[in-house]
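Listing of run17.cif; format and content: mmCIF, C-alpha atoms; chains and numbers go by the auth columns.
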```cif
data_final
loop_
_atom_site.group_PDB
_atom_site.id
_atom_site.type_symbol
_atom_site.label_atom_id
_atom_site.label_comp_id
_atom_site.label_asym_id
_atom_site.label_seq_id
_atom_site.Cartn_x
_atom_site.Cartn_y
_atom_site.Cartn_z
_atom_site.B_iso_or_equiv
_atom_site.auth_seq_id
_atom_site.auth_asym_id
ATOM 1 C CA MET A 1 111.273 149.584 177.769 0.00 1417 A
ATOM 2 C CA ASN A 2 113.963 151.958 176.677 0.00 1418 A
ATOM 3 C CA ASP A 3 116.210 152.235 173.640 0.00 1419 A
ATOM 4 C CA ASN A 4 119.441 151.715 175.559 0.00 1420 A
ATOM 5 C CA PRO A 5 120.691 148.186 175.021 0.00 1421 A
ATOM 6 C CA ARG A 6 121.343 146.219 178.191 0.00 1422 A
ATOM 7 C CA ALA A 7 124.437 144.096 178.466 0.00 1423 A
ATOM 8 C CA ILE A 8 122.783 140.887 177.200 0.00 1424 A
ATOM 9 C CA GLU A 9 121.328 142.492 174.071 0.00 1425 A
ATOM 10 C CA SER A 10 124.674 144.100 173.204 0.00 1426 A
ATOM 11 C CA LEU A 11 126.495 140.820 173.731 0.00 1427 A
ATOM 12 C CA LEU A 12 124.042 138.831 171.618 0.00 1428 A
ATOM 13 C CA ALA A 13 124.013 141.487 168.872 0.00 1429 A
ATOM 14 C CA SER A 14 127.805 141.333 168.640 0.00 1430 A
ATOM 15 C CA LEU A 15 127.696 137.535 168.666 0.00 1431 A
ATOM 16 C CA CYS A 16 125.306 137.141 165.730 0.00 1432 A
ATOM 17 C CA GLY A 17 126.119 140.402 163.958 0.00 1433 A
ATOM 18 C CA ASP A 18 122.618 141.900 163.943 0.00 1434 A
ATOM 19 C CA ALA A 19 120.718 144.617 165.758 0.00 1435 A
ATOM 20 C CA ILE A 20 119.213 143.353 168.987 0.00 1436 A
ATOM 21 C CA THR A 21 117.896 145.942 171.416 0.00 1437 A
ATOM 22 C CA SER A 22 116.060 146.107 174.698 0.00 1438 A
ATOM 23 C CA LYS A 23 112.851 146.152 172.621 0.00 1439 A
ATOM 24 C CA ASP A 24 113.451 142.494 171.727 0.00 1440 A
ATOM 25 C CA TYR A 25 112.539 139.374 173.625 0.00 1441 A
ATOM 26 C CA VAL A 26 115.835 137.475 173.444 0.00 1442 A
ATOM 27 C CA GLY A 27 116.940 133.933 174.062 0.00 1443 A
ATOM 28 C CA TYR A 28 120.363 132.283 174.017 0.00 1444 A
ATOM 29 C CA PHE A 29 121.204 128.588 173.847 0.00 1445 A
ATOM 30 C CA MET A 30 124.426 126.576 173.677 0.00 1446 A
ATOM 31 C CA ASN A 31 124.113 122.954 172.627 0.00 1447 A
ATOM 32 C CA GLU A 32 126.259 120.045 173.787 0.00 1448 A
ATOM 33 C CA HIS A 33 128.736 120.701 170.962 0.00 1449 A
ATOM 34 C CA GLY A 34 129.301 124.319 171.999 0.00 1450 A
ATOM 35 C CA GLU A 35 127.278 125.692 169.074 0.00 1451 A
ATOM 36 C CA GLU A 36 125.395 128.848 169.962 0.00 1452 A
ATOM 37 C CA VAL A 37 121.869 129.856 168.969 0.00 1453 A
ATOM 38 C CA VAL A 38 120.274 133.292 169.390 0.00 1454 A
ATOM 39 C CA PHE A 39 116.552 134.135 169.209 0.00 1455 A
ATOM 40 C CA ALA A 40 115.057 137.633 169.003 0.00 1456 A
ATOM 41 C CA GLN A 41 111.429 138.709 168.725 0.00 1457 A
ATOM 42 C CA ARG A 42 110.499 142.358 168.337 0.00 1458 A
ATOM 43 C CA ARG A 43 107.027 143.537 169.363 0.00 1459 A
ATOM 44 C CA GLY A 44 104.806 143.876 166.294 0.00 1460 A
ATOM 45 C CA ASP A 45 107.010 141.828 163.955 0.00 1461 A
ATOM 46 C CA LYS A 46 105.125 138.886 162.441 0.00 1462 A
ATOM 47 C CA SER A 47 108.173 136.631 162.803 0.00 1463 A
ATOM 48 C CA ALA A 48 111.159 136.214 165.076 0.00 1464 A
ATOM 49 C CA ARG A 49 114.805 136.070 164.064 0.00 1465 A
ATOM 50 C CA LEU A 50 117.033 133.060 164.708 0.00 1466 A
ATOM 51 C CA TRP A 51 120.791 132.734 164.255 0.00 1467 A
ATOM 52 C CA HIS A 52 122.905 129.583 164.653 0.00 1468 A
ATOM 53 C CA SER A 53 126.701 129.591 164.914 0.00 1469 A
ATOM 54 C CA ASP A 54 126.876 126.340 162.912 0.00 1470 A
ATOM 55 C CA ALA A 55 125.122 128.132 160.022 0.00 1471 A
ATOM 56 C CA ASP A 56 127.691 130.966 159.981 0.00 1472 A
ATOM 57 C CA TRP A 57 125.224 133.190 161.852 0.00 1473 A
ATOM 58 C CA LYS A 58 122.827 133.311 158.904 0.00 1474 A
ATOM 59 C CA MET A 59 119.508 134.770 160.013 0.00 1475 A
ATOM 60 C CA PHE A 60 116.364 132.628 159.765 0.00 1476 A
ATOM 61 C CA ARG A 61 112.834 133.986 160.161 0.00 1477 A
ATOM 62 C CA VAL A 62 110.745 131.776 162.459 0.00 1478 A
ATOM 63 C CA VAL A 63 107.088 131.630 163.491 0.00 1479 A
ATOM 64 C CA ASP A 64 105.020 129.290 165.656 0.00 1480 A
ATOM 65 C CA HIS A 65 104.963 126.473 163.086 0.00 1481 A
ATOM 66 C CA SER A 66 108.519 126.760 161.753 0.00 1482 A
ATOM 67 C CA ILE A 67 109.847 123.672 163.513 0.00 1483 A
ATOM 68 C CA ARG A 68 109.330 120.755 161.132 0.00 1484 A
ATOM 69 C CA LEU A 69 109.745 117.020 161.616 0.00 1485 A
ATOM 70 C CA ASP A 70 109.092 116.224 157.969 0.00 1486 A
ATOM 71 C CA GLY A 71 111.979 117.990 156.313 0.00 1487 A
ATOM 72 C CA VAL A 72 113.946 116.844 153.293 0.00 1488 A
ATOM 73 C CA MET A 73 115.819 114.332 155.440 0.00 1489 A
ATOM 74 C CA ASP A 74 113.279 111.973 156.993 0.00 1490 A
ATOM 75 C CA GLY A 75 113.398 112.089 160.768 0.00 1491 A
ATOM 76 C CA MET A 76 115.426 115.296 160.927 0.00 1492 A
ATOM 77 C CA ILE A 77 114.117 118.354 162.750 0.00 1493 A
ATOM 78 C CA THR A 78 114.386 121.465 160.594 0.00 1494 A
ATOM 79 C CA VAL A 79 113.691 125.177 160.688 0.00 1495 A
ATOM 80 C CA ASP A 80 113.648 126.485 157.125 0.00 1496 A
ATOM 81 C CA ASP A 81 116.762 124.775 155.685 0.00 1497 A
ATOM 82 C CA LEU A 82 118.553 124.561 159.052 0.00 1498 A
ATOM 83 C CA ILE A 83 118.816 121.151 160.731 0.00 1499 A
ATOM 84 C CA ILE A 84 118.483 121.386 164.507 0.00 1500 A
ATOM 85 C CA ASP A 85 118.597 118.776 167.236 0.00 1501 A
ATOM 86 C CA ARG A 86 115.849 117.922 169.710 0.00 1502 A
ATOM 87 C CA SER A 87 117.223 120.115 172.506 0.00 1503 A
ATOM 88 C CA GLU A 88 117.458 123.114 170.157 0.00 1504 A
ATOM 89 C CA ALA A 89 113.902 122.464 168.949 0.00 1505 A
ATOM 90 C CA THR A 90 112.632 122.317 172.541 0.00 1506 A
ATOM 91 C CA TRP A 91 114.394 125.580 173.411 0.00 1507 A
ATOM 92 C CA LEU A 92 113.152 127.283 170.219 0.00 1508 A
ATOM 93 C CA SER A 93 109.613 126.115 170.880 0.00 1509 A
ATOM 94 C CA SER A 94 109.809 127.672 174.350 0.00 1510 A
ATOM 95 C CA CYS A 95 111.120 130.966 172.939 0.00 1511 A
ATOM 96 C CA LEU A 96 108.323 131.068 170.365 0.00 1512 A
ATOM 97 C CA ALA A 97 105.686 130.332 173.012 0.00 1513 A
ATOM 98 C CA ALA A 98 107.052 132.944 175.424 0.00 1514 A
ATOM 99 C CA SER A 99 107.107 135.649 172.745 0.00 1515 A
ATOM 100 C CA ARG A 100 103.860 134.771 170.945 0.00 1516 A
ATOM 101 C CA HIS A 101 102.021 137.759 172.425 0.00 1517 A
ATOM 102 C CA LEU A 102 104.582 140.078 170.789 0.00 1518 A
ATOM 103 C CA ARG A 103 103.676 138.745 167.305 0.00 1519 A
ATOM 104 C CA GLN A 104 99.955 139.293 167.777 0.00 1520 A
ATOM 105 C CA LYS A 105 98.232 142.489 166.717 0.00 1521 A
ATOM 106 C CA ARG A 106 97.220 144.844 169.451 0.00 1522 A
ATOM 107 C CA SER A 107 93.497 145.393 169.849 0.00 1523 A
#
```

Would you write the structure of this file as structure tokens?
Amino acid sequence: MNDNPRAIESLLASLCGDAITSKDYVGYFMNEHGEEVVFAQRRGDKSARLWHSDADWKMFRVVDHSIRLDGVMDGMITVDDLIIDRSEATWLSSCLAASRHLRQKRS
């Protein structure tokens, strides 16, 4: 990996307003309503970062067990205080699984 951002990292960083580099595992999702979601996991960080356009690009820290089905609103899927739909939860779960090795300590 190098420190020069590739096109996708630069685009996603400008979209959500945070530093995303080629050192990050990144994911992008657009739901059926045109809302955009960005995921970034940096090697060695204990949590990933998540931004959602419907939450004014506020950053949420996420880990393997962040997706909750028992939030304040019964039956709603949540991540922290963000309500997400089933397709977003499926995508986020995939991003977390694909980047899990980056959150684990090196031996």

Next item on the list: Using all atoms listed in the file, pick whichever of A:Ser1515, A:Ser1503, A:Ser1469, A:Thr1494 has the shortest atom-to-atom distance to Leu1428 in chain A.
Entry: A:Ser1469

Notebook entry, point to check: In Å, with one decimal, what is the gap from CA of Lys1521 in chain A to CA of Arg1458 in chain A?
Noted result: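 Distance reported for this atom pair: 12.4 Å.
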
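The residues caught by the PyMOL selection byres ((chain A and resi 1463) around 6) in this file are A:Asp1461, A:Lys1462, A:Ala1464, A:Arg1477, A:Val1478, A:Val1479.
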
Those selected residues, please, written with C-alpha atoms and delivered as a short mmCIF file (atom, residue, chain, number, x, y, z; two decimals), keeping the file's coordinate frame.
```cif
data_model
loop_
_atom_site.label_atom_id
_atom_site.label_comp_id
_atom_site.auth_asym_id
_atom_site.auth_seq_id
_atom_site.Cartn_x
_atom_site.Cartn_y
_atom_site.Cartn_z
CA ASP A 1461 107.01 141.83 163.96
CA LYS A 1462 105.12 138.89 162.44
CA ALA A 1464 111.16 136.21 165.08
CA ARG A 1477 112.83 133.99 160.16
CA VAL A 1478 110.74 131.78 162.46
CA VAL A 1479 107.09 131.63 163.49
#
```

Checklist line | Selection under test: the PyMOL selection byres ((chain A and resi 1433) around 12); residues as a PyMOL selection string | finding: chain A and resi 1425-1432+1434-1436+1454+1466-1469+1472-1475

Item checked: Atom-to-atom span, CA of Val1442 in chain A and CA of Ala1456 in chain A, Å -> 4.5 Å

Next item on the list: Determine the nearest neighbour of Arg1502 in chain A from the options A:Asn1447, A:Ala1514, A:Glu1452, A:Asp1440, counting all atoms listed in the file.
Entry: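 For Arg1502 in chain A, the nearest of the given residues is A:Asn1447.
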
Check: So how far away is CA of Ile1499 in chain A from CA of Phe1476 in chain A, in Å?
Finding: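 Taking CA of Phe1476 in chain A and CA of Ile1499 in chain A, their separation equals 11.8 Å.
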
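Using all atoms listed in the file, the smallest distance between any of A:Ile1424, A:Ile1483, A:Met1446, A:Ala1471 and Leu1508 in chain A comes from A:Ile1483.
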
Next item on the list: Could you give me, as a list of chain:residue names, the residues that have an atom at most 9 Å away from the point (101.0, 128.3, 168.6) in the coordinates of the file, using only C-alpha atoms?
Entry: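 Those residues, ordered by chain and then number, are A:Val1479, A:Asp1480, A:His1481, A:Leu1512, A:Ala1513, A:Arg1516.
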